[in-house]
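Student: Before I ask anything, let me first share the structure, which is written out below as structure tokens.
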Amino acid sequence: MKRFTKCVALLLITAALLELASCASSNGEVPEGMKNATAAGDDFRLYIPINWNANTIYGVSGGYATLSEQSTVSVTKHAITPETEAQMQAELTRDGGEVTGERRIDWFWNNRCLPSLRELSEGSSFSEAEAKSQALLNKYNAWRYHWKGVANGTPLHFLQIIAEKDGAFYLFAFTAVERQYQAQLSNVELMLDHFVFAEPYAPDENAKVIDPNAPAPEGMKLASNDDVAYRFYVPTTWAINANEGVFAAYLESDRSSVSVVPYMPEVESISVAQYFELCEKIMKETAGEYELLAEPETLDLGGRQATVYVYRYTVGGREYRYKQVIAAYKSMIYSLTYTSTPENFDAHLADVDAMIDAFEFR
């Protein structure tokens, strides 16, 4: 995979976005005028227009049209567990109902998708924009749902296409502000036209190469490389995913993670406080709930004064806790972010503090 062509980031559905250069792969031919936006391991191919930005750094297939306005697509697979199947069968056959493909997809929409969108939107502003209609996802029968809502005062469109295949529901989601919805709908239709199910995607190269023998503080290992202007060290008990574009580490036990994301300001200069205001704005527009849990504090990050923000943020109906350490270095903003569930957050703070202490700018 090619190196990043531009470093930009925002906290969005999966906590951050980073623009990646497109990459061709032996996994299949990329349609003309498009690029691959499929995350490693996904058993399909999502292609987006070449002028869109791929967003696969956190292991979710997707992309966005523009950084300044909400305009994101994603495709996710939701396995049907035995418990889910039993619940679905019981509810659909109640009162002699028939179990059909359409009713199964409706069940998934009404029980898994709709509640999350309703939570995201503000009260009576949430409503159906178009009647449900038939669609195709690759060659599989699908159903299309289009609703509208308002999040943090911003009107949003939610377009979701759902198909069932081989024991799983596949959800294609497009979320955008009014202007971007109208401007990008033809591009979304193009993505749907070129979407295909396939063998699990395996990039030709890892997104990054890290020297496992690089010097590191005792009990730690290097989690970055010379492509970036910092040294990021993590405890040896934390794992590194080489298929993620962003430099990050996680615990296999509960998936708590720490990432370092650079942001290149689009204006001549931006302060740490202004950058976090930008993050807050996006989170409030896309989260069911967002709350700053403590007053910001300052500390040293690699010899630079940094500001620490601790907050809770709801993603897809589930609450997460964050400790975000932000510093300015040369012309960039750098954000070291710890993410965990509320019940696991405190347990790993000592490890996170060790990462902050060991962090170096180059």
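Each chain of the structure tokens is named A, B, ... in the order shown, its residues numbered from 1; ligands are numbered from 1 in display order.
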Using DSSP assignments from the backbone, pull out every residue in region 156-223 of chain A that falls under alpha helix (DSSP H) and give it to me as a PDB file with N, CA, C and O atoms, in the first residue's frame.
Tutor:
ATOM      1  N   GLU A 178     -27.907  17.555   4.228  1.00  0.00           N
ATOM      2  CA  GLU A 178     -28.786  17.724   3.068  1.00  0.00           C
ATOM      3  C   GLU A 178     -28.018  18.001   1.783  1.00  0.00           C
ATOM      4  O   GLU A 178     -28.234  17.349   0.745  1.00  0.00           O
ATOM      5  N   ARG A 179     -27.109  18.963   1.819  1.00  0.00           N
ATOM      6  CA  ARG A 179     -26.404  19.355   0.598  1.00  0.00           C
ATOM      7  C   ARG A 179     -25.558  18.207   0.051  1.00  0.00           C
ATOM      8  O   ARG A 179     -25.531  17.945  -1.154  1.00  0.00           O
ATOM      9  N   GLN A 180     -24.869  17.502   0.939  1.00  0.00           N
ATOM     10  CA  GLN A 180     -24.034  16.399   0.503  1.00  0.00           C
ATOM     11  C   GLN A 180     -24.866  15.198   0.057  1.00  0.00           C
ATOM     12  O   GLN A 180     -24.470  14.455  -0.843  1.00  0.00           O
ATOM     13  N   TYR A 181     -26.021  15.017   0.667  1.00  0.00           N
ATOM     14  CA  TYR A 181     -26.879  13.907   0.252  1.00  0.00           C
ATOM     15  C   TYR A 181     -27.287  14.092  -1.211  1.00  0.00           C
ATOM     16  O   TYR A 181     -27.194  13.161  -2.020  1.00  0.00           O
ATOM     17  N   GLN A 182     -27.742  15.280  -1.535  1.00  0.00           N
ATOM     18  CA  GLN A 182     -28.165  15.540  -2.905  1.00  0.00           C
ATOM     19  C   GLN A 182     -26.980  15.479  -3.876  1.00  0.00           C
ATOM     20  O   GLN A 182     -27.100  14.952  -4.987  1.00  0.00           O
ATOM     21  N   ALA A 183     -25.834  15.993  -3.454  1.00  0.00           N
ATOM     22  CA  ALA A 183     -24.667  16.055  -4.338  1.00  0.00           C
ATOM     23  C   ALA A 183     -24.032  14.688  -4.555  1.00  0.00           C
ATOM     24  O   ALA A 183     -23.465  14.416  -5.624  1.00  0.00           O
ATOM     25  N   GLN A 184     -24.107  13.807  -3.541  1.00  0.00           N
ATOM     26  CA  GLN A 184     -23.357  12.553  -3.598  1.00  0.00           C
ATOM     27  C   GLN A 184     -24.221  11.325  -3.868  1.00  0.00           C
ATOM     28  O   GLN A 184     -23.682  10.221  -4.001  1.00  0.00           O
ATOM     29  N   LEU A 185     -25.531  11.489  -3.985  1.00  0.00           N
ATOM     30  CA  LEU A 185     -26.394  10.322  -4.141  1.00  0.00           C
ATOM     31  C   LEU A 185     -26.038   9.520  -5.393  1.00  0.00           C
ATOM     32  O   LEU A 185     -26.039   8.281  -5.369  1.00  0.00           O
ATOM     33  N   SER A 186     -25.706  10.192  -6.499  1.00  0.00           N
ATOM     34  CA  SER A 186     -25.336   9.461  -7.711  1.00  0.00           C
ATOM     35  C   SER A 186     -24.057   8.661  -7.496  1.00  0.00           C
ATOM     36  O   SER A 186     -23.894   7.555  -8.040  1.00  0.00           O
ATOM     37  N   ASN A 187     -23.121   9.198  -6.696  1.00  0.00           N
ATOM     38  CA  ASN A 187     -21.902   8.453  -6.384  1.00  0.00           C
ATOM     39  C   ASN A 187     -22.211   7.234  -5.519  1.00  0.00           C
ATOM     40  O   ASN A 187     -21.596   6.170  -5.669  1.00  0.00           O
ATOM     41  N   VAL A 188     -23.147   7.390  -4.602  1.00  0.00           N
ATOM     42  CA  VAL A 188     -23.550   6.260  -3.755  1.00  0.00           C
ATOM     43  C   VAL A 188     -24.185   5.164  -4.602  1.00  0.00           C
ATOM     44  O   VAL A 188     -23.916   3.968  -4.403  1.00  0.00           O
ATOM     45  N   GLU A 189     -25.020   5.555  -5.565  1.00  0.00           N
ATOM     46  CA  GLU A 189     -25.623   4.568  -6.459  1.00  0.00           C
ATOM     47  C   GLU A 189     -24.529   3.839  -7.251  1.00  0.00           C
ATOM     48  O   GLU A 189     -24.625   2.621  -7.504  1.00  0.00           O
ATOM     49  N   LEU A 190     -23.481   4.559  -7.624  1.00  0.00           N
ATOM     50  CA  LEU A 190     -22.356   3.949  -8.331  1.00  0.00           C
ATOM     51  C   LEU A 190     -21.659   2.923  -7.439  1.00  0.00           C
ATOM     52  O   LEU A 190     -21.267   1.843  -7.898  1.00  0.00           O
ATOM     53  N   MET A 191     -21.487   3.253  -6.168  1.00  0.00           N
ATOM     54  CA  MET A 191     -20.881   2.310  -5.234  1.00  0.00           C
ATOM     55  C   MET A 191     -21.713   1.040  -5.121  1.00  0.00           C
ATOM     56  O   MET A 191     -21.181  -0.079  -5.085  1.00  0.00           O
ATOM     57  N   LEU A 192     -23.033   1.216  -5.055  1.00  0.00           N
ATOM     58  CA  LEU A 192     -23.924   0.061  -4.960  1.00  0.00           C
ATOM     59  C   LEU A 192     -23.855  -0.785  -6.229  1.00  0.00           C
ATOM     60  O   LEU A 192     -23.885  -2.019  -6.168  1.00  0.00           O
ATOM     61  N   ASP A 193     -23.753  -0.139  -7.371  1.00  0.00           N
ATOM     62  CA  ASP A 193     -23.666  -0.868  -8.638  1.00  0.00           C
ATOM     63  C   ASP A 193     -22.417  -1.739  -8.706  1.00  0.00           C
ATOM     64  O   ASP A 193     -22.433  -2.822  -9.289  1.00  0.00           O
ATOM     65  N   HIS A 194     -21.317  -1.265  -8.105  1.00  0.00           N
ATOM     66  CA  HIS A 194     -20.043  -1.986  -8.192  1.00  0.00           C
ATOM     67  C   HIS A 194     -19.753  -2.851  -6.970  1.00  0.00           C
ATOM     68  O   HIS A 194     -18.723  -3.540  -6.927  1.00  0.00           O
TER      69      HIS A 194
END
Student: Please list as a list in words every residue within 12 Å of Asp42 (chain A), counting only C-alpha atoms and excluding residues in the same chain fewer than 3 positions away.
Tutor: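 So, after excluding close chain neighbours, the residues are Asn27, Ala37, Thr38, Ala39, Arg45, Leu46, Thr56, Gly59, Val60, Ser61, Gly62, Ser74, Val75, Thr76, Lys77, His78, Tyr170, Val196, Phe197, Ala198, Glu199, Pro200, Tyr201, Ala202 and Pro203 of chain A.
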Student: Return the single residue from A:Asp211, A:Leu120, A:Pro265, A:Ala273 that is closest to Tyr313 (chain A), with distances computed using only C-alpha atoms.
Tutor: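 Ranking A:Asp211, A:Leu120, A:Pro265, A:Ala273 by distance to Tyr313 (chain A), first place goes to A:Leu120.
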Student: Just want the 8 Å neighbourhood of Ala65 (chain A), counted on only C-alpha atoms, with same-chain residues fewer than 2 positions away dropped. Output as a CSV table (one decimal) with N, CA, C and O atoms, in the first residue's frame.
Tutor:
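Result file is selection_22.csv:
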chain,number,residue,atom,x,y,z
A,51,ASN,N,-12.3,10.4,-6.2
A,51,ASN,CA,-12.2,11.7,-5.5
A,51,ASN,C,-12.8,11.6,-4.1
A,51,ASN,O,-12.8,12.6,-3.4
A,52,TRP,N,-13.3,10.5,-3.7
A,52,TRP,CA,-13.7,10.3,-2.3
A,52,TRP,C,-12.4,9.8,-1.5
A,52,TRP,O,-11.4,9.6,-2.0
A,53,ASN,N,-12.6,9.8,-0.2
A,53,ASN,CA,-11.5,9.4,0.7
A,53,ASN,C,-11.8,8.1,1.4
A,53,ASN,O,-12.9,7.9,2.0
A,63,GLY,N,-15.8,5.2,3.6
A,63,GLY,CA,-15.1,6.4,3.1
A,63,GLY,C,-16.0,7.6,3.3
A,63,GLY,O,-17.1,7.5,3.8
A,67,LEU,N,-14.3,16.3,4.2
A,67,LEU,CA,-13.9,16.4,5.7
A,67,LEU,C,-14.8,17.4,6.4
A,67,LEU,O,-15.1,17.3,7.6
A,71,SER,N,-20.6,13.2,5.3
A,71,SER,CA,-20.9,12.6,4.1
A,71,SER,C,-20.2,11.2,4.0
A,71,SER,O,-19.2,11.1,3.3
A,72,THR,N,-20.6,10.3,4.8
A,72,THR,CA,-19.9,9.0,5.0
A,72,THR,C,-20.7,7.8,4.5
A,72,THR,O,-21.9,7.8,4.5
A,184,GLN,N,-24.1,13.8,-3.5
A,184,GLN,CA,-23.4,12.6,-3.6
A,184,GLN,C,-24.2,11.3,-3.9
A,184,GLN,O,-23.7,10.2,-4.0
Student: Between A:Lys208, A:Ser253, A:Val73, A:Ala142, which residue has the minimum interatomic distance to His157 (chain A), considering only C-alpha atoms?
Tutor: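 For His157 (chain A), the nearest of the given residues is A:Val73.
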Student: What lies within 8 Å of Leu336 (chain A) using only C-alpha atoms, ignoring chain neighbours under 4 positions off, as a PyMOL selection string?
Tutor: chain A and resi 258-261+324-326
Student: Could you give me, as a count of residues only, the residues within 12 Å of Thr337 (chain A), counting only C-alpha atoms and dropping anything in the same chain fewer than 3 positions from it?
Tutor: 35
Student: Ranking A:Ser133, A:Asn110, A:Ser271, A:Ser116 by minimum distance to Glu91 (chain A) and counting only C-alpha atoms, which one comes first?
Tutor: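 Using only C-alpha atoms, the shortest distance to Glu91 (chain A) belongs to A:Asn110.
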Student: Quick one: distance from CA of Gly101 (chain A) to CA of Asn141 (chain A) in Å, one decimal?
Tutor: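 Taking CA of Gly101 (chain A) as the start and CA of Asn141 (chain A) as the end point, the length is 8.3 Å.
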